[in-house]
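Novice: Have a peek at model01.txt (compact mmCIF, C-alpha atoms).
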```txt
# COMPACT_ATOMS: atom_id res chain seq x y z
CA MET A 1 -53.34 -2.26 -18.44
CA ALA A 2 -54.17 -4.31 -15.46
CA ILE A 3 -51.28 -3.30 -13.21
CA SER A 4 -52.58 -1.04 -10.53
CA THR A 5 -50.95 2.34 -10.21
CA LYS A 6 -50.19 1.70 -6.57
CA ILE A 7 -47.91 -1.24 -7.29
CA ILE A 8 -46.02 0.66 -9.98
CA LYS A 9 -45.55 3.57 -7.63
CA GLN A 10 -44.06 1.27 -5.03
CA ARG A 11 -41.64 -0.20 -7.50
CA ILE A 12 -40.53 3.22 -8.66
CA ARG A 13 -39.87 4.21 -5.09
CA SER A 14 -37.83 1.11 -4.35
CA ILE A 15 -35.75 1.52 -7.49
CA LYS A 16 -35.13 5.14 -6.59
CA ASN A 17 -33.77 3.99 -3.24
CA THR A 18 -31.46 1.49 -4.89
CA HIS A 19 -30.34 4.19 -7.27
CA LYS A 20 -29.44 6.46 -4.40
CA MET A 21 -27.32 3.73 -2.85
CA THR A 22 -25.47 2.79 -6.00
CA ARG A 23 -24.77 6.47 -6.63
CA ALA A 24 -23.35 6.86 -3.16
CA MET A 25 -21.22 3.73 -3.49
CA GLU A 26 -19.93 4.95 -6.81
CA MET A 27 -18.74 8.18 -5.29
CA VAL A 28 -17.24 6.52 -2.23
CA SER A 29 -15.33 4.11 -4.44
CA ALA A 30 -14.05 6.94 -6.59
CA SER A 31 -12.51 8.71 -3.61
CA LYS A 32 -11.09 5.50 -2.14
CA MET A 33 -9.56 4.65 -5.46
CA ARG A 34 -7.85 8.01 -5.66
CA LYS A 35 -6.41 7.54 -2.19
CA ALA A 36 -5.06 4.08 -2.94
CA VAL A 37 -3.42 5.28 -6.15
CA ASN A 38 -1.83 8.23 -4.37
CA ARG A 39 -0.43 6.04 -1.64
CA SER A 40 0.95 3.58 -4.10
CA LEU A 41 2.67 6.43 -5.93
CA ALA A 42 3.94 7.92 -2.67
CA SER A 43 5.74 4.73 -1.75
CA ARG A 44 7.58 4.73 -5.04
CA PRO A 45 10.56 6.96 -4.16
CA TYR A 46 11.21 4.82 -1.11
CA ALA A 47 11.05 1.61 -3.08
CA TRP A 48 13.40 3.04 -5.72
CA ARG A 49 16.02 4.10 -3.22
CA ALA A 50 15.87 0.80 -1.42
CA LEU A 51 16.37 -0.96 -4.74
CA GLU A 52 19.24 1.35 -5.65
CA LEU A 53 20.82 0.58 -2.34
CA LEU A 54 20.66 -3.10 -3.17
CA ILE A 55 22.07 -2.52 -6.65
CA ASN A 56 24.83 -0.29 -5.33
CA ILE A 57 26.03 -2.73 -2.76
CA SER A 58 25.85 -5.71 -5.06
CA ARG A 59 27.75 -4.02 -7.88
CA ASP A 60 31.30 -4.63 -6.78
CA ARG A 61 30.88 -7.95 -5.09
CA VAL A 62 28.81 -11.06 -5.13
CA VAL A 63 26.13 -10.59 -2.56
CA ASN A 64 24.97 -13.73 -0.93
CA HIS A 65 21.94 -14.02 1.19
CA PRO A 66 19.50 -16.87 1.79
CA LEU A 67 16.66 -14.69 0.47
CA MET A 68 18.49 -14.20 -2.83
CA GLU A 69 19.24 -17.84 -3.44
CA ASN A 70 18.20 -19.04 -6.88
CA ARG A 71 17.34 -22.68 -6.51
CA LYS A 72 18.12 -24.88 -9.44
CA LYS A 73 15.34 -27.32 -9.03
CA ILE A 74 11.92 -25.91 -8.32
CA ASN A 75 9.50 -28.29 -6.75
CA SER A 76 7.04 -26.09 -5.02
CA VAL A 77 5.67 -22.62 -5.69
CA LEU A 78 3.99 -20.38 -3.18
CA LEU A 79 1.45 -17.94 -4.56
CA VAL A 80 0.52 -14.78 -2.73
CA ILE A 81 -2.94 -13.98 -4.07
CA VAL A 82 -4.53 -10.60 -3.55
CA GLY A 83 -8.31 -10.43 -3.81
CA SER A 84 -10.98 -8.34 -2.14
CA ASN A 85 -12.92 -8.72 1.07
CA LYS A 86 -16.21 -7.52 -0.30
CA GLY A 87 -18.19 -8.31 -3.38
CA LEU A 88 -20.13 -5.96 -5.66
CA CYS A 89 -17.04 -5.04 -7.60
CA GLY A 90 -17.78 -6.22 -11.09
CA SER A 91 -15.20 -8.44 -12.69
CA PHE A 92 -12.38 -7.69 -10.24
CA ASN A 93 -12.34 -11.00 -8.39
CA VAL A 94 -13.44 -13.00 -11.40
CA ASN A 95 -10.34 -11.90 -13.31
CA VAL A 96 -8.06 -13.00 -10.50
CA PHE A 97 -9.88 -16.29 -10.31
CA ARG A 98 -9.63 -16.91 -14.03
CA PHE A 99 -5.93 -16.16 -13.97
CA LEU A 100 -5.42 -18.50 -11.06
CA HIS A 101 -7.34 -21.22 -12.78
CA ASP A 102 -5.16 -20.99 -15.89
CA TYR A 103 -2.01 -20.81 -13.83
CA VAL A 104 -2.82 -23.95 -11.90
CA LYS A 105 -3.68 -25.76 -15.11
CA SER A 106 -0.47 -24.85 -16.92
CA ASN A 107 1.83 -25.42 -13.94
CA SER A 108 0.67 -28.80 -12.78
CA GLN A 109 4.25 -30.06 -12.52
CA PHE A 110 4.80 -27.91 -9.41
CA GLU A 111 3.34 -28.32 -6.04
CA ILE A 112 1.30 -25.15 -5.55
CA LYS A 113 0.50 -23.52 -2.24
CA ALA A 114 -1.11 -20.18 -1.47
CA VAL A 115 -1.11 -17.31 0.95
CA THR A 116 -4.31 -15.38 0.37
CA ILE A 117 -5.17 -11.78 1.07
CA GLY A 118 -8.88 -11.03 1.15
CA ARG A 119 -11.88 -13.30 1.68
CA TYR A 120 -12.54 -13.81 -1.99
CA ALA A 121 -8.96 -14.90 -2.66
CA GLU A 122 -9.23 -17.45 0.12
CA ARG A 123 -12.51 -18.77 -1.23
CA TYR A 124 -11.13 -19.19 -4.75
CA ALA A 125 -7.97 -20.90 -3.59
CA LYS A 126 -10.08 -23.41 -1.71
CA LYS A 127 -12.32 -23.91 -4.71
CA LEU A 128 -9.27 -24.85 -6.78
CA ASN A 129 -8.01 -27.17 -4.05
CA ILE A 130 -4.86 -25.16 -3.44
CA PRO A 131 -3.65 -25.64 0.13
CA VAL A 132 -3.84 -22.29 1.92
CA VAL A 133 -0.82 -21.72 4.15
CA GLY A 134 -2.07 -18.42 5.50
CA SER A 135 -5.06 -16.19 4.95
CA PHE A 136 -5.21 -12.50 5.72
CA VAL A 137 -8.58 -10.79 5.64
CA ASP A 138 -8.22 -7.72 7.81
CA PHE A 139 -6.55 -5.26 5.47
CA HIS A 140 -8.56 -2.10 5.03
CA GLU A 141 -8.19 1.10 3.11
CA GLY A 142 -5.77 2.87 5.41
CA ILE A 143 -3.32 -0.01 5.32
CA GLU A 144 0.07 0.65 6.88
CA VAL A 145 3.23 -1.12 5.84
CA GLU A 146 3.60 -2.62 9.32
CA GLU A 147 0.41 -4.58 8.81
CA VAL A 148 1.96 -6.31 5.83
CA ARG A 149 4.89 -7.47 7.94
CA GLY A 150 3.00 -10.56 9.03
CA VAL A 151 2.44 -11.61 5.44
CA SER A 152 6.03 -11.03 4.44
CA LYS A 153 7.34 -12.86 7.52
CA LEU A 154 5.26 -15.90 6.71
CA VAL A 155 6.32 -15.87 3.09
CA GLN A 156 10.00 -15.56 4.01
CA GLN A 157 9.74 -18.38 6.50
CA GLU A 158 8.18 -20.62 3.90
CA PHE A 159 10.95 -19.77 1.47
CA LEU A 160 13.82 -20.09 3.93
CA SER A 161 12.60 -23.34 5.42
CA GLY A 162 12.65 -24.81 1.92
CA SER A 163 8.98 -25.68 1.85
CA CYS A 164 8.74 -23.64 -1.34
CA ASP A 165 11.43 -22.71 -3.85
CA LYS A 166 9.83 -19.70 -5.43
CA VAL A 167 7.27 -17.13 -4.33
CA GLN A 168 5.03 -15.40 -6.83
CA LEU A 169 2.76 -12.44 -6.17
CA ILE A 170 -0.56 -12.35 -8.01
CA TYR A 171 -2.35 -9.04 -7.84
CA THR A 172 -4.35 -6.68 -10.01
CA ASN A 173 -2.42 -3.81 -11.47
CA TYR A 174 -4.24 -0.52 -11.78
CA VAL A 175 -3.65 0.92 -15.24
CA SER A 176 -6.61 3.26 -15.52
CA VAL A 177 -10.21 3.39 -14.35
CA LEU A 178 -11.25 1.27 -17.28
CA LYS A 179 -8.25 -0.99 -17.43
CA ASN A 180 -6.90 -3.32 -14.78
CA GLU A 181 -4.72 -6.30 -15.41
CA VAL A 182 -3.90 -9.30 -13.32
CA ILE A 183 -0.16 -9.63 -12.88
CA ASN A 184 1.96 -12.50 -11.74
CA ARG A 185 5.48 -11.67 -10.71
CA GLY A 186 8.37 -13.03 -8.71
CA LEU A 187 8.72 -12.05 -5.08
CA LEU A 188 11.34 -14.45 -3.78
CA PRO A 189 14.20 -15.05 -4.37
CA VAL A 190 14.87 -11.32 -4.38
CA HIS A 191 16.01 -10.17 -7.76
CA PRO A 192 16.52 -6.52 -8.78
CA ASP A 193 14.58 -6.95 -12.03
CA ASN A 194 11.46 -8.06 -10.19
CA ILE A 195 11.50 -5.02 -8.02
CA SER A 196 12.13 -2.48 -10.75
CA PHE A 197 9.25 -3.98 -12.70
CA MET A 198 7.00 -3.47 -9.72
CA ILE A 199 7.97 0.10 -9.15
CA GLU A 200 7.70 1.10 -12.78
CA HIS A 201 4.19 -0.20 -12.94
CA ALA A 202 3.04 1.44 -9.74
CA GLY A 203 0.02 3.67 -10.02
CA GLY A 204 -0.48 2.90 -13.67
CA VAL A 205 2.15 5.44 -14.66
CA LYS A 206 5.06 4.15 -16.61
CA ASP A 207 7.40 7.10 -16.60
CA ASN A 208 10.92 6.80 -15.40
CA GLN A 209 11.36 10.19 -13.86
CA ASP A 210 12.30 8.87 -10.48
CA ARG A 211 14.71 6.45 -11.88
CA GLN A 212 18.30 7.27 -11.19
CA SER A 213 19.89 3.88 -11.05
CA ASP A 214 21.34 4.41 -14.50
CA LYS A 215 23.83 6.71 -12.91
CA VAL A 216 26.40 3.99 -12.61
CA GLU A 217 29.48 5.78 -11.49
CA SER A 218 31.53 4.64 -8.64
CA MET A 219 33.66 1.65 -8.25
CA SER A 220 34.64 2.60 -4.77
CA LEU A 221 33.67 0.08 -2.14
CA TYR A 222 30.91 0.69 0.27
CA LEU A 223 31.64 0.54 3.94
CA PHE A 224 29.16 -1.40 6.01
CA GLU A 225 28.21 -0.56 9.51
CA PRO A 226 27.80 -2.83 11.41
CA SER A 227 28.21 -5.52 8.71
CA GLU A 228 27.10 -6.40 5.23
CA GLU A 229 25.10 -9.30 6.52
CA GLU A 230 23.15 -7.24 8.98
CA VAL A 231 22.34 -4.61 6.41
CA LEU A 232 21.10 -7.24 3.97
CA ASN A 233 19.15 -8.90 6.75
CA LEU A 234 17.16 -5.70 7.01
CA VAL A 235 17.05 -4.50 3.42
CA LEU A 236 15.77 -7.69 1.81
CA PRO A 237 12.77 -8.25 4.09
CA ILE A 238 11.82 -4.61 3.71
CA LEU A 239 11.99 -4.82 -0.07
CA THR A 240 9.73 -7.87 0.08
CA GLU A 241 7.38 -6.07 2.38
CA VAL A 242 7.23 -2.97 0.22
CA GLN A 243 6.41 -5.08 -2.81
CA ILE A 244 3.53 -6.85 -1.09
CA TYR A 245 2.36 -3.51 0.25
CA GLN A 246 2.35 -1.99 -3.22
CA GLY A 247 0.60 -5.05 -4.61
CA ILE A 248 -2.17 -4.64 -2.07
CA LEU A 249 -2.51 -0.93 -2.77
CA GLU A 250 -2.67 -1.57 -6.52
CA SER A 251 -5.30 -4.22 -5.97
CA GLN A 252 -7.29 -1.89 -3.78
CA ALA A 253 -7.18 0.80 -6.41
CA SER A 254 -8.35 -1.73 -9.00
CA GLU A 255 -11.05 -3.06 -6.72
CA HIS A 256 -12.44 0.39 -6.10
CA SER A 257 -12.31 1.35 -9.73
CA ALA A 258 -14.07 -1.91 -10.68
CA ARG A 259 -16.68 -1.25 -8.03
CA MET A 260 -17.10 2.30 -9.21
CA MET A 261 -17.75 1.13 -12.77
CA ALA A 262 -20.14 -1.59 -11.60
CA MET A 263 -22.04 0.92 -9.52
CA ARG A 264 -22.13 3.42 -12.35
CA ASN A 265 -23.68 0.78 -14.60
CA ALA A 266 -26.18 -0.10 -11.90
CA SER A 267 -27.12 3.55 -11.47
CA GLU A 268 -27.63 3.93 -15.18
CA ALA A 269 -29.77 0.80 -15.33
CA ALA A 270 -31.84 2.12 -12.43
CA GLU A 271 -32.35 5.42 -14.22
CA ASP A 272 -33.59 3.59 -17.32
CA MET A 273 -35.98 1.51 -15.27
CA ILE A 274 -37.34 4.54 -13.48
CA ARG A 275 -37.97 6.24 -16.79
CA GLU A 276 -39.81 3.26 -18.19
CA LEU A 277 -41.83 2.67 -15.07
CA THR A 278 -42.82 6.30 -14.87
CA LEU A 279 -44.12 6.04 -18.41
CA THR A 280 -46.11 2.90 -17.57
CA TYR A 281 -47.38 4.59 -14.43
CA ASN A 282 -48.60 7.62 -16.33
CA LYS A 283 -50.28 5.45 -18.90
CA ALA A 284 -52.02 3.38 -16.24
CA ARG A 285 -53.11 6.51 -14.43
CA GLN A 286 -54.50 8.08 -17.59
CA GLU A 287 -56.27 4.87 -18.46
CA SER A 288 -57.99 4.65 -15.11
CA ILE A 289 -59.08 8.29 -15.36
CA THR A 290 -60.46 7.73 -18.84
CA LYS A 291 -62.26 4.68 -17.58
CA GLU A 292 -63.76 6.58 -14.68
CA ILE A 293 -64.91 9.44 -16.90
CA SER A 294 -66.51 7.09 -19.37
CA GLU A 295 -68.24 5.28 -16.51
CA ILE A 296 -69.56 8.54 -15.08
CA SER A 297 -70.74 9.83 -18.43
CA ALA A 298 -72.34 6.48 -19.17
CA GLY A 299 -74.11 6.65 -15.82
CA ALA A 300 -75.26 10.21 -16.50
CA GLU A 301 -76.52 9.19 -19.92
CA ALA A 302 -78.45 6.29 -18.38
CA LEU A 303 -80.00 8.62 -15.79
CA ARG A 304 -81.08 11.12 -18.47
CA GLN A 305 -82.70 8.48 -20.59
CA ALA A 306 -84.62 7.11 -17.66
CA MET B 1 31.62 25.15 0.59
CA GLU B 2 30.71 21.99 -1.24
CA LYS B 3 27.15 20.88 -0.64
CA ILE B 4 25.65 17.47 0.04
CA ASN B 5 22.62 16.35 -1.91
CA PHE B 6 20.46 15.12 0.96
CA LYS B 7 17.18 13.21 0.96
CA ILE B 8 15.16 11.60 3.71
CA ILE B 9 12.33 9.38 2.53
CA THR B 10 9.60 7.34 4.19
CA LEU B 11 7.04 5.13 2.55
CA GLU B 12 4.49 7.90 2.78
CA ARG B 13 6.46 10.84 1.46
CA VAL B 14 9.78 12.56 0.88
CA VAL B 15 10.20 14.32 4.21
CA TYR B 16 13.13 16.55 3.40
CA GLU B 17 15.23 17.08 0.32
CA ASP B 18 17.83 19.79 -0.06
CA GLU B 19 21.41 20.84 -0.69
CA ILE B 20 23.02 20.98 2.74
CA ASP B 21 26.42 21.54 4.33
CA GLN B 22 26.52 18.73 6.87
CA VAL B 23 24.30 16.24 8.62
CA THR B 24 24.59 14.39 11.92
CA ILE B 25 22.87 11.03 11.92
CA PRO B 26 22.12 8.64 14.79
CA THR B 27 23.16 5.12 13.74
CA GLN B 28 23.33 1.76 15.50
CA ALA B 29 27.11 2.15 15.66
CA GLY B 30 26.91 5.64 17.16
CA GLU B 31 26.32 9.14 15.92
CA ILE B 32 28.02 10.07 12.68
CA THR B 33 28.50 13.43 11.02
CA VAL B 34 28.67 13.41 7.25
CA LEU B 35 30.35 16.15 5.29
CA ALA B 36 30.74 16.49 1.55
CA ARG B 37 32.84 13.81 -0.18
CA HIS B 38 32.31 11.30 2.57
CA THR B 39 33.33 7.79 1.66
CA PRO B 40 30.44 5.54 0.53
CA LEU B 41 28.78 3.94 3.50
CA VAL B 42 25.74 1.92 4.41
CA SER B 43 24.55 1.95 7.97
CA LEU B 44 21.48 1.34 10.08
CA LEU B 45 19.50 4.22 11.47
CA LYS B 46 18.65 4.40 15.15
CA PRO B 47 15.70 6.32 16.63
CA GLY B 48 16.91 9.75 17.60
CA GLU B 49 17.66 13.24 16.49
CA LEU B 50 18.97 14.13 13.07
CA ARG B 51 20.65 17.51 12.68
CA ILE B 52 21.17 19.23 9.39
CA LYS B 53 23.33 22.31 8.93
CA LYS B 54 22.62 24.46 5.97
CA ASP B 55 23.82 27.99 5.28
CA GLY B 56 24.44 28.65 8.95
CA TYR B 57 21.09 27.48 10.29
CA ASP B 58 20.00 24.13 11.72
CA VAL B 59 17.18 21.86 10.71
CA LEU B 60 16.06 19.28 13.28
CA LEU B 61 14.28 16.04 12.50
CA SER B 62 13.22 13.11 14.60
CA VAL B 63 13.71 9.70 13.01
CA SER B 64 13.06 6.08 13.90
CA THR B 65 14.74 3.03 12.40
CA GLY B 66 15.82 2.64 8.79
CA PHE B 67 18.87 2.84 6.54
CA VAL B 68 21.52 5.41 5.85
CA GLU B 69 23.25 5.33 2.52
CA VAL B 70 26.10 7.68 1.81
CA ARG B 71 26.68 7.56 -1.92
CA PRO B 72 29.71 8.68 -3.84
CA LYS B 73 29.70 12.30 -5.05
CA SER B 74 28.28 13.76 -1.86
CA GLU B 75 24.86 12.22 -1.93
CA VAL B 76 23.12 11.06 1.21
CA VAL B 77 19.90 9.05 1.16
CA ILE B 78 18.07 8.07 4.31
CA LEU B 79 15.28 5.53 4.17
CA ALA B 80 13.39 5.86 7.43
CA ASP B 81 10.36 4.05 8.77
CA THR B 82 9.14 7.34 10.15
CA ALA B 83 10.60 10.83 10.11
CA GLU B 84 9.27 14.21 11.11
CA ARG B 85 10.43 17.79 10.95
CA ALA B 86 10.79 19.27 14.42
CA GLU B 87 8.14 21.89 13.71
CA GLU B 88 5.65 19.18 12.83
CA ILE B 89 5.98 17.38 16.14
CA ASP B 90 3.00 17.61 18.46
CA LEU B 91 4.56 17.47 21.93
CA GLU B 92 1.34 16.54 23.73
CA ARG B 93 0.73 13.64 21.42
CA ALA B 94 4.30 12.42 21.73
CA GLU B 95 4.07 12.59 25.53
CA GLU B 96 0.80 10.69 25.42
CA GLY B 97 2.34 8.04 23.18
CA ARG B 98 5.34 7.66 25.44
CA ARG B 99 3.13 7.25 28.50
CA ARG B 100 0.99 4.64 26.79
CA ALA B 101 3.97 2.64 25.61
CA GLU B 102 5.57 2.75 29.05
CA GLU B 103 2.39 1.63 30.74
CA MET B 104 1.99 -1.30 28.41
CA LEU B 105 5.61 -2.26 28.89
CA LYS B 106 4.99 -2.54 32.63
CA GLU B 107 2.76 -5.52 31.98
CA LYS B 108 5.77 -7.35 30.64
CA GLU B 109 4.69 -10.82 31.75
CA ARG B 110 1.64 -10.73 29.54
CA LEU B 111 3.48 -9.75 26.38
CA ASP B 112 5.13 -12.09 23.97
CA ASP B 113 8.56 -11.29 22.53
CA VAL B 114 7.28 -9.69 19.36
CA GLN B 115 4.91 -7.37 21.16
CA PHE B 116 7.59 -6.46 23.62
CA ALA B 117 10.05 -5.59 20.88
CA ARG B 118 7.45 -3.54 19.08
CA LEU B 119 6.56 -1.57 22.19
CA GLN B 120 10.20 -0.99 22.96
CA ALA B 121 10.70 0.39 19.46
CA GLN B 122 7.59 2.53 19.82
CA LEU B 123 8.87 3.93 23.08
CA GLU B 124 12.24 4.76 21.59
CA LYS B 125 10.56 6.52 18.72
CA GLU B 126 8.36 8.61 20.99
CA LEU B 127 11.33 9.51 23.15
CA ALA B 128 13.21 10.69 20.08
CA ARG B 129 10.23 12.79 19.04
CA LEU B 130 9.97 14.32 22.49
CA LYS B 131 13.64 15.15 22.59
CA VAL B 132 13.63 16.78 19.19
CA GLY B 133 10.35 18.58 19.81
CA ARG B 134 11.54 20.03 23.13
CA ARG B 135 14.84 21.13 21.76
CA TYR B 136 13.12 22.86 18.89
CA ARG B 137 10.82 24.74 21.27
CA LYS B 138 13.78 25.82 23.32
CA LEU B 139 15.68 27.06 20.31
CA ARG B 140 12.73 29.08 19.17
CA SER B 141 11.99 30.80 22.45
```
As structure tokens, please, write out the structure in this file.
Specialist:
Amino acid sequence: MAISTKIIKQRIRSIKNTHKMTRAMEMVSASKMRKAVNRSLASRPYAWRALELLINISRDRVVNHPLMENRKKINSVLLVIVGSNKGLCGSFNVNVFRFLHDYVKSNSQFEIKAVTIGRYAERYAKKLNIPVVGSFVDFHEGIEVEEVRGVSKLVQQEFLSGSCDKVQLIYTNYVSVLKNEVINRGLLPVHPDNISFMIEHAGGVKDNQDRQSDKVESMSLYLFEPSEEEVLNLVLPILTEVQIYQGILESQASEHSARMMAMRNASEAAEDMIRELTLTYNKARQESITKEISEISAGAEALRQA
Amino acid sequence: MEKINFKIITLERVVYEDEIDQVTIPTQAGEITVLARHTPLVSLLKPGELRIKKDGYDVLLSVSTGFVEVRPKSEVVILADTAERAEEIDLERAEEGRRRAEEMLKEKERLDDVQFARLQAQLEKELARLKVGRRYRKLRS
């Protein structure tokens, strides 16, 4: 055992430090994850009512609005990709990337463009040679819905100006701590099915307790103040916004849960290493003591014989 | 008396949900009072004071922009950007917010249209909070 005890001791100390950090990051991620999930769930009643409003007013008449226009021929697709800003989160970004890769491969007939959220999303889009129309990297944990307005404005402009015919949102849905899935769903044109899908999947809970839209009752016409157009002009952008907002929250919850798992694995690996190194250290220490004793006793023996 | 099933919701939470007698709502087209069996209506909310009457007492709320939906069968749903119960309003903070928004508005030349509109909305919201908060204090004392 040639390794000196000093070097082993140093290594143990450094691994212990790393262990402390990964532990701390694990716990921080756990609490952030909980917050993101709660916020995503809290926005659900609002999203439901807004959707019901849309369903209610479109029941008795054909509602027309540029944001609801289903274009027959689709030439160009805009992807809103949600990734993370920071690394060290296990497979979170890799999954998004893989999904994106497959999507681009199987949809080569369309012209694909991207709006990215998070540094990693931007990097991947560039790697795949997707033109990035806009990149947003300053969304943090306490994200407010107003901050998403910029994203939704840009997306709506792209859609309305005709530079894309369809907008898809790609984000990571939080199912449970161990399970996240990358989801690709329609954002524009606005369609009630898209939105109800989003809300049902929010927060990884698939109950329908909040759902009341089945209560189809009235045939009486809704009055609009000031006008139908103005109401739709406000409702549709907000629905788009809320969807992006929820997508970001879901992704954040997934990111933090992925990071938490990655950090937990790292902590466990560090514990194993510390255990092994301590064993090696003890062995080396014992060895050197044995060696010293045998040297001393050999010396004493030599002195006695002399 | 027939009750209205009333809900006011923001993205963060359900602010108030109850069976009430009547509600007065500030809308873009003017203030409206909704009683039970009101005809279905969709309108736009304006920053201001929302008054609820229930069993002879009043509940005050301050609201900003959003939607009002009066559904058939005496159901009222309000989707607000922000909403607060009068007792939750911190008058000092509202005053501070109003002052800040006003000051920034004074530097009009340096603001672009979007910023200006946002500040204007902010100011309106703070004014509504102040109004509701003050009135609540007065009623209590």
Novice: Just checking: using all atoms listed in the file, which residue out of B:Gln120, B:Gln115, B:Thr33, B:Thr82 ends up closest to Thr65 in chain B?
Specialist: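 Nearest candidate to Thr65 in chain B out of B:Gln120, B:Gln115, B:Thr33, B:Thr82: B:Thr82.
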Novice: Would you mind listing what lies within 8 Å of His38 in chain B as a VMD selection string, with all atoms listed in the file counted and same-chain residues fewer than 3 positions away left out?
Specialist: chain B and resid 34 to 35 70 72 74
Novice: Each residue of chain A lying at most 8 Å from chain B should get a row with its shortest atom-to-atom pair and the distance in Å to one decimal, counting all atoms listed in the file; could you produce that, ordered by chain and increasing number, as a tab-separated table?
Specialist:
```
residue	atom	partner	partner_atom	distance
A:Arg39	CA	B:Glu12	CA	6.9
A:Ala42	CA	B:Glu12	CA	5.5
A:Ser43	CA	B:Leu11	CA	4.5
A:Arg44	CA	B:Leu11	CA	7.6
A:Pro45	CA	B:Ile9	CA	7.3
A:Tyr46	CA	B:Leu11	CA	5.6
A:Ala47	CA	B:Leu11	CA	7.8
A:Arg49	CA	B:Leu79	CA	7.6
A:Ala50	CA	B:Leu79	CA	7.3
A:Leu53	CA	B:Glu69	CA	7.2
A:Ser218	CA	B:Pro72	CA	6.5
A:Ser220	CA	B:Pro40	CA	7.4
A:Leu221	CA	B:Pro40	CA	6.9
A:Tyr222	CA	B:Pro40	CA	4.9
A:Leu223	CA	B:Leu41	CA	4.5
A:Phe224	CA	B:Val42	CA	5.0
A:Glu225	CA	B:Ser43	CA	4.7
A:Pro226	CA	B:Ala29	CA	6.6
A:Val231	CA	B:Leu44	CA	7.0
```
Novice: To one decimal place, how far is CA of Ser254 in chain A from CA of His101 in chain A in Å?
Specialist: 19.9 Å
Novice: Write out as a ChimeraX atom specification which residues come within 8 Å of Gln168 in chain A when counting only C-alpha atoms, dropping same-chain ones fewer than 5 positions away.
Specialist: /A:77-80,184-188
Novice: Point out the residue among B:Leu119, B:Ile20, B:Ala86, B:Val59 with the least atom-to-atom distance to Glu103 in chain B, counting all atoms listed in the file.
Specialist: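 Nearest candidate to Glu103 in chain B out of B:Leu119, B:Ile20, B:Ala86, B:Val59: B:Leu119.
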Novice: Extract range 170-180 of chain A from the preceding block and save N, CA, C and O atoms as an mmCIF file, in the first residue's frame.
Specialist:
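The resulting file, selection-v4.cif, is reproduced below:
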```
data_model
loop_
_atom_site.group_PDB
_atom_site.id
_atom_site.type_symbol
_atom_site.label_atom_id
_atom_site.label_comp_id
_atom_site.auth_asym_id
_atom_site.auth_seq_id
_atom_site.Cartn_x
_atom_site.Cartn_y
_atom_site.Cartn_z
ATOM 1 N N ILE A 170 -43.539 22.770 -26.842
ATOM 2 C CA ILE A 170 -42.831 21.566 -26.402
ATOM 3 C C ILE A 170 -42.284 21.819 -25.010
ATOM 4 O O ILE A 170 -41.474 22.717 -24.796
ATOM 5 N N TYR A 171 -42.786 21.064 -24.054
ATOM 6 C CA TYR A 171 -42.333 21.259 -22.684
ATOM 7 C C TYR A 171 -42.309 19.908 -21.987
ATOM 8 O O TYR A 171 -42.724 18.896 -22.548
ATOM 9 N N THR A 172 -41.819 19.899 -20.756
ATOM 10 C CA THR A 172 -41.745 18.648 -20.017
ATOM 11 C C THR A 172 -42.842 18.626 -18.976
ATOM 12 O O THR A 172 -42.920 19.504 -18.131
ATOM 13 N N ASN A 173 -43.697 17.630 -19.071
ATOM 14 C CA ASN A 173 -44.806 17.537 -18.136
ATOM 15 C C ASN A 173 -44.341 16.820 -16.869
ATOM 16 O O ASN A 173 -43.659 15.811 -16.935
ATOM 17 N N TYR A 174 -44.748 17.360 -15.750
ATOM 18 C CA TYR A 174 -44.366 16.766 -14.476
ATOM 19 C C TYR A 174 -45.436 15.750 -14.086
ATOM 20 O O TYR A 174 -46.573 16.112 -13.816
ATOM 21 N N VAL A 175 -45.082 14.475 -14.074
ATOM 22 C CA VAL A 175 -46.057 13.465 -13.675
ATOM 23 C C VAL A 175 -45.829 13.088 -12.215
ATOM 24 O O VAL A 175 -46.734 13.099 -11.396
ATOM 25 N N SER A 176 -44.589 12.733 -11.893
ATOM 26 C CA SER A 176 -44.229 12.503 -10.510
ATOM 27 C C SER A 176 -42.730 12.755 -10.412
ATOM 28 O O SER A 176 -42.087 13.078 -11.409
ATOM 29 N N VAL A 177 -42.194 12.597 -9.211
ATOM 30 C CA VAL A 177 -40.766 12.886 -9.039
ATOM 31 C C VAL A 177 -39.937 12.028 -9.990
ATOM 32 O O VAL A 177 -38.945 12.455 -10.548
ATOM 33 N N LEU A 178 -40.387 10.783 -10.158
ATOM 34 C CA LEU A 178 -39.595 9.866 -10.963
ATOM 35 C C LEU A 178 -39.962 9.915 -12.433
ATOM 36 O O LEU A 178 -39.239 9.432 -13.272
ATOM 37 N N LYS A 179 -41.132 10.480 -12.730
ATOM 38 C CA LYS A 179 -41.576 10.410 -14.115
ATOM 39 C C LYS A 179 -41.905 11.782 -14.678
ATOM 40 O O LYS A 179 -42.753 12.502 -14.154
ATOM 41 N N ASN A 180 -41.185 12.141 -15.737
ATOM 42 C CA ASN A 180 -41.494 13.352 -16.483
ATOM 43 C C ASN A 180 -41.613 12.943 -17.937
ATOM 44 O O ASN A 180 -40.925 12.045 -18.384
#
```
